[in-house]
$ cat coords.cif   # mmCIF, C-alpha atoms
data_target
#
loop_
_atom_site.group_PDB
_atom_site.id
_atom_site.type_symbol
_atom_site.label_atom_id
_atom_site.label_comp_id
_atom_site.auth_asym_id
_atom_site.auth_seq_id
_atom_site.Cartn_x
_atom_site.Cartn_y
_atom_site.Cartn_z
ATOM 1 C CA MET M 1413 -98.267 -31.331 -59.201
ATOM 2 C CA ARG M 1414 -95.722 -28.476 -59.330
ATOM 3 C CA ALA M 1415 -98.465 -25.836 -59.658
ATOM 4 C CA SER M 1416 -100.323 -27.220 -56.624
ATOM 5 C CA ARG M 1417 -97.123 -27.191 -54.577
ATOM 6 C CA LEU M 1418 -96.450 -23.546 -55.506
ATOM 7 C CA SER M 1419 -100.014 -22.563 -54.656
ATOM 8 C CA LEU M 1420 -99.683 -24.338 -51.276
ATOM 9 C CA ILE M 1421 -96.494 -22.386 -50.540
ATOM 10 C CA ALA M 1422 -98.247 -19.147 -51.491
ATOM 11 C CA VAL M 1423 -101.170 -19.980 -49.167
ATOM 12 C CA VAL M 1424 -98.827 -20.755 -46.238
ATOM 13 C CA ILE M 1425 -96.802 -17.569 -46.756
ATOM 14 C CA GLY M 1426 -99.996 -15.540 -47.071
ATOM 15 C CA ALA M 1427 -101.376 -17.031 -43.849
ATOM 16 C CA LEU M 1428 -98.161 -16.255 -41.978
ATOM 17 C CA ALA M 1429 -98.164 -12.713 -43.327
ATOM 18 C CA LEU M 1430 -101.715 -12.219 -42.064
ATOM 19 C CA THR M 1431 -100.727 -13.375 -38.567
ATOM 20 C CA GLY M 1432 -97.795 -10.955 -38.563
ATOM 21 C CA CYS M 1433 -95.288 -13.767 -38.220
ATOM 22 C CA MET M 1434 -93.635 -13.490 -41.607
ATOM 23 C CA GLN M 1435 -92.667 -10.639 -43.879
ATOM 24 C CA THR M 1436 -93.806 -11.097 -47.417
ATOM 25 C CA SER M 1437 -93.724 -8.741 -50.320
ATOM 26 C CA ALA M 1438 -93.350 -8.693 -54.048
ATOM 27 C CA SER M 1439 -89.689 -9.430 -53.361
ATOM 28 C CA VAL M 1440 -90.403 -13.063 -52.503
ATOM 29 C CA THR M 1441 -91.480 -13.781 -56.042
ATOM 30 C CA THR M 1442 -90.120 -10.921 -58.127
ATOM 31 C CA GLY M 1443 -86.839 -9.970 -56.456
ATOM 32 C CA TYR M 1444 -87.768 -6.411 -55.453
ATOM 33 C CA ALA M 1445 -86.505 -4.987 -52.171
ATOM 34 C CA PRO M 1446 -88.557 -5.988 -49.099
ATOM 35 C CA VAL M 1447 -91.239 -3.750 -47.641
ATOM 36 C CA ASP M 1448 -89.810 -1.743 -44.753
ATOM 37 C CA GLU M 1449 -91.456 -2.575 -41.458
ATOM 38 C CA PRO M 1450 -90.455 -0.937 -38.200
ATOM 39 C CA TYR M 1451 -87.896 -3.096 -36.435
ATOM 40 C CA ARG M 1452 -89.017 -4.397 -33.025
ATOM 41 C CA LEU M 1453 -86.387 -4.904 -30.336
ATOM 42 C CA ASP M 1454 -85.914 -8.129 -28.397
ATOM 43 C CA ALA M 1455 -83.332 -9.971 -26.293
ATOM 44 C CA GLY M 1456 -79.926 -10.132 -27.965
ATOM 45 C CA ASP M 1457 -80.089 -6.780 -29.750
ATOM 46 C CA LYS M 1458 -77.333 -4.260 -29.002
ATOM 47 C CA LEU M 1459 -78.223 -0.573 -29.125
ATOM 48 C CA ARG M 1460 -76.231 2.610 -29.268
ATOM 49 C CA ILE M 1461 -78.060 5.159 -27.115
ATOM 50 C CA VAL M 1462 -76.874 8.743 -27.285
ATOM 51 C CA VAL M 1463 -78.016 11.276 -24.682
ATOM 52 C CA TYR M 1464 -76.711 14.556 -26.087
ATOM 53 C CA GLY M 1465 -74.556 16.480 -23.643
ATOM 54 C CA GLN M 1466 -74.431 13.537 -21.207
ATOM 55 C CA GLU M 1467 -71.361 11.446 -21.944
ATOM 56 C CA GLY M 1468 -71.926 9.304 -18.847
ATOM 57 C CA LEU M 1469 -75.254 8.088 -20.241
ATOM 58 C CA THR M 1470 -74.187 7.695 -23.875
ATOM 59 C CA ASN M 1471 -73.154 4.080 -24.392
ATOM 60 C CA THR M 1472 -73.902 0.724 -26.012
ATOM 61 C CA TYR M 1473 -76.598 -1.237 -24.204
ATOM 62 C CA ALA M 1474 -77.700 -4.844 -24.719
ATOM 63 C CA VAL M 1475 -81.314 -5.922 -24.474
ATOM 64 C CA GLY M 1476 -81.196 -8.617 -21.811
ATOM 65 C CA ALA M 1477 -83.182 -11.839 -21.489
ATOM 66 C CA SER M 1478 -85.860 -9.907 -19.593
ATOM 67 C CA GLY M 1479 -86.331 -7.633 -22.631
ATOM 68 C CA ALA M 1480 -84.963 -4.532 -20.920
ATOM 69 C CA ILE M 1481 -81.849 -2.368 -20.966
ATOM 70 C CA THR M 1482 -80.262 -0.972 -17.813
ATOM 71 C CA MET M 1483 -78.991 2.612 -17.841
ATOM 72 C CA PRO M 1484 -77.313 4.720 -15.169
ATOM 73 C CA LEU M 1485 -79.662 6.988 -13.177
ATOM 74 C CA ILE M 1486 -82.908 5.553 -14.508
ATOM 75 C CA GLY M 1487 -82.249 1.801 -14.138
ATOM 76 C CA SER M 1488 -84.166 -0.755 -16.165
ATOM 77 C CA VAL M 1489 -86.157 0.364 -19.222
ATOM 78 C CA SER M 1490 -88.349 -2.139 -21.057
ATOM 79 C CA ALA M 1491 -87.316 -2.463 -24.722
ATOM 80 C CA ARG M 1492 -88.971 -5.690 -25.931
ATOM 81 C CA GLY M 1493 -91.431 -5.010 -28.724
ATOM 82 C CA LEU M 1494 -90.509 -1.334 -29.075
ATOM 83 C CA THR M 1495 -88.948 0.313 -32.100
ATOM 84 C CA PRO M 1496 -85.656 2.171 -31.483
ATOM 85 C CA ALA M 1497 -87.561 5.486 -31.732
ATOM 86 C CA GLU M 1498 -90.110 4.326 -29.142
ATOM 87 C CA LEU M 1499 -87.283 3.259 -26.823
ATOM 88 C CA ALA M 1500 -85.633 6.673 -27.232
ATOM 89 C CA ALA M 1501 -88.946 8.296 -26.259
ATOM 90 C CA ALA M 1502 -89.243 6.026 -23.186
ATOM 91 C CA VAL M 1503 -85.693 6.893 -22.081
ATOM 92 C CA THR M 1504 -86.417 10.606 -22.653
ATOM 93 C CA ALA M 1505 -89.549 10.400 -20.501
ATOM 94 C CA ARG M 1506 -87.664 8.634 -17.690
ATOM 95 C CA LEU M 1507 -84.813 11.174 -17.780
ATOM 96 C CA LYS M 1508 -87.298 14.090 -17.575
ATOM 97 C CA ARG M 1509 -88.544 12.747 -14.238
ATOM 98 C CA GLY M 1510 -86.079 14.630 -12.073
ATOM 99 C CA TYR M 1511 -82.779 13.964 -13.826
ATOM 100 C CA LEU M 1512 -82.491 16.215 -16.889
ATOM 101 C CA ARG M 1513 -84.519 19.255 -17.880
ATOM 102 C CA GLU M 1514 -84.649 18.763 -21.663
ATOM 103 C CA PRO M 1515 -82.944 15.486 -22.616
ATOM 104 C CA TYR M 1516 -82.466 14.663 -26.271
ATOM 105 C CA VAL M 1517 -82.067 10.922 -26.816
ATOM 106 C CA ALA M 1518 -81.329 8.921 -29.975
ATOM 107 C CA ALA M 1519 -81.284 5.126 -30.200
ATOM 108 C CA GLU M 1520 -80.089 2.961 -33.058
ATOM 109 C CA VAL M 1521 -79.474 -0.743 -33.478
ATOM 110 C CA GLU M 1522 -75.751 -1.430 -33.362
ATOM 111 C CA SER M 1523 -76.097 -5.188 -33.917
ATOM 112 C CA TYR M 1524 -79.147 -7.379 -34.393
ATOM 113 C CA ARG M 1525 -79.879 -10.581 -32.519
ATOM 114 C CA PRO M 1526 -78.574 -13.634 -34.399
ATOM 115 C CA PHE M 1527 -80.424 -16.118 -36.589
ATOM 116 C CA PHE M 1528 -79.999 -19.885 -36.293
ATOM 117 C CA ILE M 1529 -79.559 -22.541 -38.962
ATOM 118 C CA LEU M 1530 -79.849 -26.277 -38.299
ATOM 119 C CA GLY M 1531 -79.704 -29.514 -40.203
ATOM 120 C CA GLU M 1532 -78.084 -30.343 -43.504
ATOM 121 C CA VAL M 1533 -75.734 -27.388 -43.958
ATOM 122 C CA THR M 1534 -71.964 -27.516 -43.736
ATOM 123 C CA ALA M 1535 -71.684 -25.441 -40.545
ATOM 124 C CA PRO M 1536 -74.962 -25.283 -38.581
ATOM 125 C CA GLY M 1537 -75.118 -22.778 -35.757
ATOM 126 C CA GLN M 1538 -75.800 -19.198 -34.778
ATOM 127 C CA TYR M 1539 -74.850 -16.352 -37.116
ATOM 128 C CA PRO M 1540 -75.130 -12.553 -37.039
ATOM 129 C CA TYR M 1541 -78.158 -11.171 -38.844
ATOM 130 C CA VAL M 1542 -77.701 -8.701 -41.701
ATOM 131 C CA PRO M 1543 -80.656 -6.615 -42.954
ATOM 132 C CA ASN M 1544 -82.394 -7.906 -46.117
ATOM 133 C CA MET M 1545 -80.945 -11.395 -45.650
ATOM 134 C CA THR M 1546 -82.744 -14.256 -47.394
ATOM 135 C CA VAL M 1547 -82.900 -17.965 -46.578
ATOM 136 C CA GLU M 1548 -80.586 -18.576 -49.536
ATOM 137 C CA SER M 1549 -77.930 -16.169 -48.239
ATOM 138 C CA ALA M 1550 -78.223 -17.684 -44.746
ATOM 139 C CA VAL M 1551 -77.488 -21.142 -46.180
ATOM 140 C CA ALA M 1552 -74.482 -19.667 -48.002
ATOM 141 C CA ILE M 1553 -73.184 -18.139 -44.753
ATOM 142 C CA ALA M 1554 -73.488 -21.577 -43.125
ATOM 143 C CA GLY M 1555 -71.220 -23.072 -45.811
ATOM 144 C CA GLY M 1556 -73.910 -24.273 -48.215
ATOM 145 C CA PHE M 1557 -75.962 -27.448 -48.354
ATOM 146 C CA THR M 1558 -74.505 -30.858 -47.553
ATOM 147 C CA PRO M 1559 -74.816 -33.509 -50.289
ATOM 148 C CA ARG M 1560 -77.794 -35.048 -48.414
ATOM 149 C CA ALA M 1561 -79.751 -31.803 -47.994
ATOM 150 C CA GLU M 1562 -83.377 -31.516 -49.095
ATOM 151 C CA ARG M 1563 -83.007 -28.220 -50.954
ATOM 152 C CA LYS M 1564 -86.699 -27.725 -51.677
ATOM 153 C CA ALA M 1565 -88.018 -28.240 -48.138
ATOM 154 C CA ILE M 1566 -86.493 -25.502 -46.011
ATOM 155 C CA LYS M 1567 -88.432 -24.907 -42.819
ATOM 156 C CA LEU M 1568 -88.497 -21.435 -41.251
ATOM 157 C CA THR M 1569 -89.559 -20.863 -37.646
ATOM 158 C CA ARG M 1570 -90.362 -17.318 -36.582
ATOM 159 C CA VAL M 1571 -91.494 -16.177 -33.160
ATOM 160 C CA GLY M 1572 -93.901 -13.257 -33.297
ATOM 161 C CA GLU M 1573 -96.439 -11.627 -31.031
ATOM 162 C CA ALA M 1574 -98.874 -14.499 -31.686
ATOM 163 C CA GLY M 1575 -96.248 -17.158 -30.837
ATOM 164 C CA ALA M 1576 -94.084 -19.388 -33.009
ATOM 165 C CA ALA M 1577 -95.023 -20.059 -36.624
ATOM 166 C CA GLN M 1578 -93.406 -22.591 -38.940
ATOM 167 C CA ALA M 1579 -93.591 -22.863 -42.705
ATOM 168 C CA VAL M 1580 -91.778 -24.495 -45.589
ATOM 169 C CA VAL M 1581 -90.460 -21.524 -47.544
ATOM 170 C CA PRO M 1582 -88.715 -20.811 -50.853
ATOM 171 C CA PRO M 1583 -85.039 -19.719 -50.810
ATOM 172 C CA GLY M 1584 -85.905 -16.088 -51.580
ATOM 173 C CA THR M 1585 -87.846 -15.579 -48.333
ATOM 174 C CA PHE M 1586 -86.546 -12.689 -46.233
ATOM 175 C CA LEU M 1587 -85.348 -13.443 -42.712
ATOM 176 C CA LYS M 1588 -85.777 -11.475 -39.529
ATOM 177 C CA PRO M 1589 -83.460 -11.487 -36.512
ATOM 178 C CA GLY M 1590 -84.077 -14.502 -34.290
ATOM 179 C CA ASP M 1591 -85.414 -16.740 -37.088
ATOM 180 C CA THR M 1592 -84.508 -20.435 -37.144
ATOM 181 C CA ILE M 1593 -83.917 -22.249 -40.437
ATOM 182 C CA SER M 1594 -84.037 -26.050 -40.587
ATOM 183 C CA VAL M 1595 -82.744 -27.917 -43.623
ATOM 184 C CA ALA M 1596 -84.019 -31.503 -43.713
ATOM 185 C CA GLU M 1597 -82.154 -34.583 -44.930
ATOM 186 C CA ARG M 1598 -83.376 -36.083 -48.181
ATOM 187 C CA TRP M 1599 -83.909 -39.815 -48.346
ATOM 188 C CA PHE M 1600 -82.977 -40.489 -51.974
#
$ encode --input "coords.cif" --output "structure tokens"
Amino acid sequence: MRASRLSLIAVVIGALALTGCMQTSASVTTGYAPVDEPYRLDAGDKLRIVVYGQEGLTNTYAVGASGAITMPLIGSVSARGLTPAELAAAVTARLKRGYLREPYVAAEVESYRPFFILGEVTAPGQYPYVPNMTVESAVAIAGGFTPRAERKAIKLTRVGEAGAAQAVVPPGTFLKPGDTISVAERWF
């Protein structure tokens, strides 16, 4: 019974990895560091954008609900789905169109969008994401399991390009910003 349950978990995680909705790596089962994937921006991320030599443009910008940032001179720049480097290139291209001759732009994530944890944890809610965070560390941040928590059935919901995907995951699964963790109540 235990072996079939583990193989089912492996199949679900593998299917989610194929759809691009979940990061998996040797780290899920062996504890190694996760595979680095380029980070994609979305609403709730805060970015530090530096335009060298232009102090009026250098600032912290938040990706709004529309998935864009708004900068002086160039207005709204779409950021959703871009990496920070791709966003820097988009800002550079916009600034070259009549504003600056040779702009040099750098963008980095100042703070990631939060993750959410619901259900049978001491303090459910929204928490700041930290890189390389696992489901287990997220539960710890939320104060740990309640006495009635089903510790083996932790559901992870991740929204990706293909839509939302849900899976029951082991505690060592790596999170991404914006993930939602649900801890069910056990009956006995």
$ atom_distance --input "coords.cif" --atom1 "CA of Gly1537 (chain M)" --atom2 "CA of Gly1590 (chain M)"
12.3 Å
$ resolve_selection --input "coords.cif" --expression "the PyMOL selection byres ((chain M and resi 1465-1469) around 9)" --output "CSV table (one decimal) with C-alpha atoms, in the frame of the given file"
chain,number,residue,atom,x,y,z
M,1461,ILE,CA,-78.1,5.2,-27.1
M,1462,VAL,CA,-76.9,8.7,-27.3
M,1463,VAL,CA,-78.0,11.3,-24.7
M,1464,TYR,CA,-76.7,14.6,-26.1
M,1470,THR,CA,-74.2,7.7,-23.9
M,1471,ASN,CA,-73.2,4.1,-24.4
M,1483,MET,CA,-79.0,2.6,-17.8
M,1484,PRO,CA,-77.3,4.7,-15.2
M,1485,LEU,CA,-79.7,7.0,-13.2
M,1515,PRO,CA,-82.9,15.5,-22.6
M,1516,TYR,CA,-82.5,14.7,-26.3
$ residues_around --input "coords.cif" --residues "Glu1597 (chain M)" --least-positions-apart "4" --cutoff "7 Å" --atoms "all atoms listed in the file" --output "list in words"
Glu1532, Arg1560, Ala1561 and Glu1562 of chain M
$ residues_near_point --input "coords.cif" --point "(-77.3, -4.5, -20.0)" --cutoff "10 Å" --atoms "only C-alpha atoms" --output "ChimeraX atom specification"
/M:1458-1459,1472-1477,1479-1483,1487-1488
$ atom_distance --input "coords.cif" --atom1 "CA of Val1503 (chain M)" --atom2 "CA of Tyr1539 (chain M)"
29.7 Å
$ closest_residue --input "coords.cif" --among "M:Val1581, M:Ala1596, M:Ala1519, M:Met1545" --to "Thr1569 (chain M)" --atoms "all atoms listed in the file"
M:Val1581
$ atom_distance --input "coords.cif" --atom1 "CA of Arg1570 (chain M)" --atom2 "CA of Arg1598 (chain M)"
23.1 Å
$ residues_around --input "coords.cif" --residues "Pro1536 (chain M)" --least-positions-apart "6" --cutoff "7 Å" --atoms "all atoms listed in the file" --output "list of chain:residue names"
M:Ile1529, M:Leu1530, M:Ala1554
$ closest_residue --input "coords.cif" --among "M:Ser1523, M:Ile1486, M:Lys1567, M:Pro1589" --to "Arg1509 (chain M)" --atoms "only C-alpha atoms"
M:Ile1486
$ residues_around --input "coords.cif" --residues "Ala1505 (chain M)" --least-positions-apart "6" --cutoff "10 Å" --atoms "all atoms listed in the file" --output "list of chain:residue names"
M:Leu1499, M:Leu1512, M:Glu1514, M:Pro1515, M:Val1517
$ resolve_selection --input "coords.cif" --expression "the PyMOL selection byres ((chain M and resi 1495) around 12)" --output "list in words"
Glu1449, Pro1450, Tyr1451, Arg1452, Leu1453, Asp1454, Asp1457, Leu1459, Ser1490, Ala1491, Arg1492, Gly1493, Leu1494, Pro1496, Ala1497, Glu1498, Leu1499, Ala1500, Ala1501, Ala1502, Ala1518, Ala1519, Glu1520 and Val1521 of chain M
$ closest_residue --input "coords.cif" --among "M:Gly1510, M:Gly1456, M:Gly1575, M:Pro1526" --to "Lys1588 (chain M)" --atoms "only C-alpha atoms"
M:Pro1526
$ axis_aligned_box --input "coords.cif" --around "region 1466-1476 of chain M" --padding-each-side "8 Å" --output "JSON"
{"center_x": -76.3, "center_y": 2.5, "center_z": -22.4, "size_x": 26.0, "size_y": 38.2, "size_z": 23.2}
$ residues_around --input "coords.cif" --residues "Thr1558 (chain M)" --least-positions-apart "5" --cutoff "10 Å" --atoms "only C-alpha atoms" --output "MDAnalysis selection string"
chainID M and resid 1531:1535 1563 1595 1597
$ build_atoms --input "coords.cif" --residues "region 1482-1493 of chain M" --atoms "all heavy atoms" --output "mmCIF file, keeping the file's coordinate frame"
data_model
loop_
_atom_site.group_PDB
_atom_site.id
_atom_site.type_symbol
_atom_site.label_atom_id
_atom_site.label_comp_id
_atom_site.auth_asym_id
_atom_site.auth_seq_id
_atom_site.Cartn_x
_atom_site.Cartn_y
_atom_site.Cartn_z
ATOM 1 N N THR M 1482 -80.501 -1.620 -19.097
ATOM 2 C CA THR M 1482 -80.262 -0.972 -17.813
ATOM 3 C C THR M 1482 -79.309 0.187 -18.034
ATOM 4 O O THR M 1482 -78.205 0.003 -18.533
ATOM 5 C CB THR M 1482 -79.667 -1.965 -16.798
ATOM 6 O OG1 THR M 1482 -80.560 -3.078 -16.685
ATOM 7 C CG2 THR M 1482 -79.496 -1.317 -15.447
ATOM 8 N N MET M 1483 -79.772 1.387 -17.656
ATOM 9 C CA MET M 1483 -78.991 2.612 -17.841
ATOM 10 C C MET M 1483 -78.692 3.243 -16.482
ATOM 11 O O MET M 1483 -79.476 3.086 -15.541
ATOM 12 C CB MET M 1483 -79.771 3.614 -18.698
ATOM 13 C CG MET M 1483 -79.972 3.181 -20.129
ATOM 14 S SD MET M 1483 -80.806 4.442 -21.110
ATOM 15 C CE MET M 1483 -79.569 5.747 -21.122
ATOM 16 N N PRO M 1484 -77.589 3.984 -16.406
ATOM 17 C CA PRO M 1484 -77.313 4.720 -15.169
ATOM 18 C C PRO M 1484 -78.431 5.732 -14.892
ATOM 19 O O PRO M 1484 -79.111 6.187 -15.816
ATOM 20 C CB PRO M 1484 -75.997 5.452 -15.464
ATOM 21 C CG PRO M 1484 -75.396 4.757 -16.628
ATOM 22 C CD PRO M 1484 -76.533 4.149 -17.392
ATOM 23 N N LEU M 1485 -78.643 6.060 -13.673
ATOM 24 C CA LEU M 1485 -79.662 6.988 -13.177
ATOM 25 C C LEU M 1485 -81.070 6.422 -13.215
ATOM 26 O O LEU M 1485 -81.762 6.429 -12.215
ATOM 27 C CB LEU M 1485 -79.663 8.340 -13.923
ATOM 28 C CG LEU M 1485 -78.458 9.250 -13.774
ATOM 29 C CD1 LEU M 1485 -78.659 10.515 -14.618
ATOM 30 C CD2 LEU M 1485 -78.234 9.629 -12.326
ATOM 31 N N ILE M 1486 -81.501 5.936 -14.369
ATOM 32 C CA ILE M 1486 -82.908 5.553 -14.508
ATOM 33 C C ILE M 1486 -83.152 4.054 -14.365
ATOM 34 O O ILE M 1486 -84.294 3.619 -14.293
ATOM 35 C CB ILE M 1486 -83.498 6.058 -15.841
ATOM 36 C CG1 ILE M 1486 -82.748 5.484 -17.038
ATOM 37 C CG2 ILE M 1486 -83.515 7.568 -15.868
ATOM 38 C CD1 ILE M 1486 -83.355 5.841 -18.385
ATOM 39 N N GLY M 1487 -82.105 3.247 -14.342
ATOM 40 C CA GLY M 1487 -82.249 1.801 -14.138
ATOM 41 C C GLY M 1487 -82.773 1.082 -15.359
ATOM 42 O O GLY M 1487 -82.448 1.389 -16.497
ATOM 43 N N SER M 1488 -83.656 0.119 -15.124
ATOM 44 C CA SER M 1488 -84.166 -0.755 -16.165
ATOM 45 C C SER M 1488 -85.276 -0.082 -16.971
ATOM 46 O O SER M 1488 -86.209 0.484 -16.413
ATOM 47 C CB SER M 1488 -84.706 -2.040 -15.523
ATOM 48 O OG SER M 1488 -85.164 -2.917 -16.500
ATOM 49 N N VAL M 1489 -85.149 -0.185 -18.306
ATOM 50 C CA VAL M 1489 -86.157 0.364 -19.222
ATOM 51 C C VAL M 1489 -86.568 -0.763 -20.166
ATOM 52 O O VAL M 1489 -85.729 -1.344 -20.835
ATOM 53 C CB VAL M 1489 -85.599 1.547 -20.049
ATOM 54 C CG1 VAL M 1489 -86.655 2.085 -21.006
ATOM 55 C CG2 VAL M 1489 -85.076 2.637 -19.149
ATOM 56 N N SER M 1490 -87.849 -1.074 -20.200
ATOM 57 C CA SER M 1490 -88.349 -2.139 -21.057
ATOM 58 C C SER M 1490 -88.153 -1.777 -22.530
ATOM 59 O O SER M 1490 -88.513 -0.681 -22.962
ATOM 60 C CB SER M 1490 -89.826 -2.393 -20.777
ATOM 61 O OG SER M 1490 -90.297 -3.428 -21.606
ATOM 62 N N ALA M 1491 -87.590 -2.708 -23.301
ATOM 63 C CA ALA M 1491 -87.316 -2.463 -24.722
ATOM 64 C C ALA M 1491 -88.014 -3.464 -25.627
ATOM 65 O O ALA M 1491 -88.221 -3.189 -26.805
ATOM 66 C CB ALA M 1491 -85.809 -2.508 -24.979
ATOM 67 N N ARG M 1492 -88.381 -4.628 -25.107
ATOM 68 C CA ARG M 1492 -88.971 -5.690 -25.931
ATOM 69 C C ARG M 1492 -90.237 -5.194 -26.626
ATOM 70 O O ARG M 1492 -91.129 -4.652 -26.005
ATOM 71 C CB ARG M 1492 -89.296 -6.905 -25.089
ATOM 72 C CG ARG M 1492 -89.940 -8.035 -25.900
ATOM 73 C CD ARG M 1492 -90.115 -9.299 -25.113
ATOM 74 N NE ARG M 1492 -88.810 -9.948 -25.037
ATOM 75 C CZ ARG M 1492 -88.341 -10.543 -23.945
ATOM 76 N NH1 ARG M 1492 -89.042 -10.558 -22.840
ATOM 77 N NH2 ARG M 1492 -87.153 -11.112 -23.967
ATOM 78 N N GLY M 1493 -90.267 -5.371 -27.937
ATOM 79 C CA GLY M 1493 -91.431 -5.010 -28.724
ATOM 80 C C GLY M 1493 -91.471 -3.560 -29.168
ATOM 81 O O GLY M 1493 -92.337 -3.178 -29.942
#
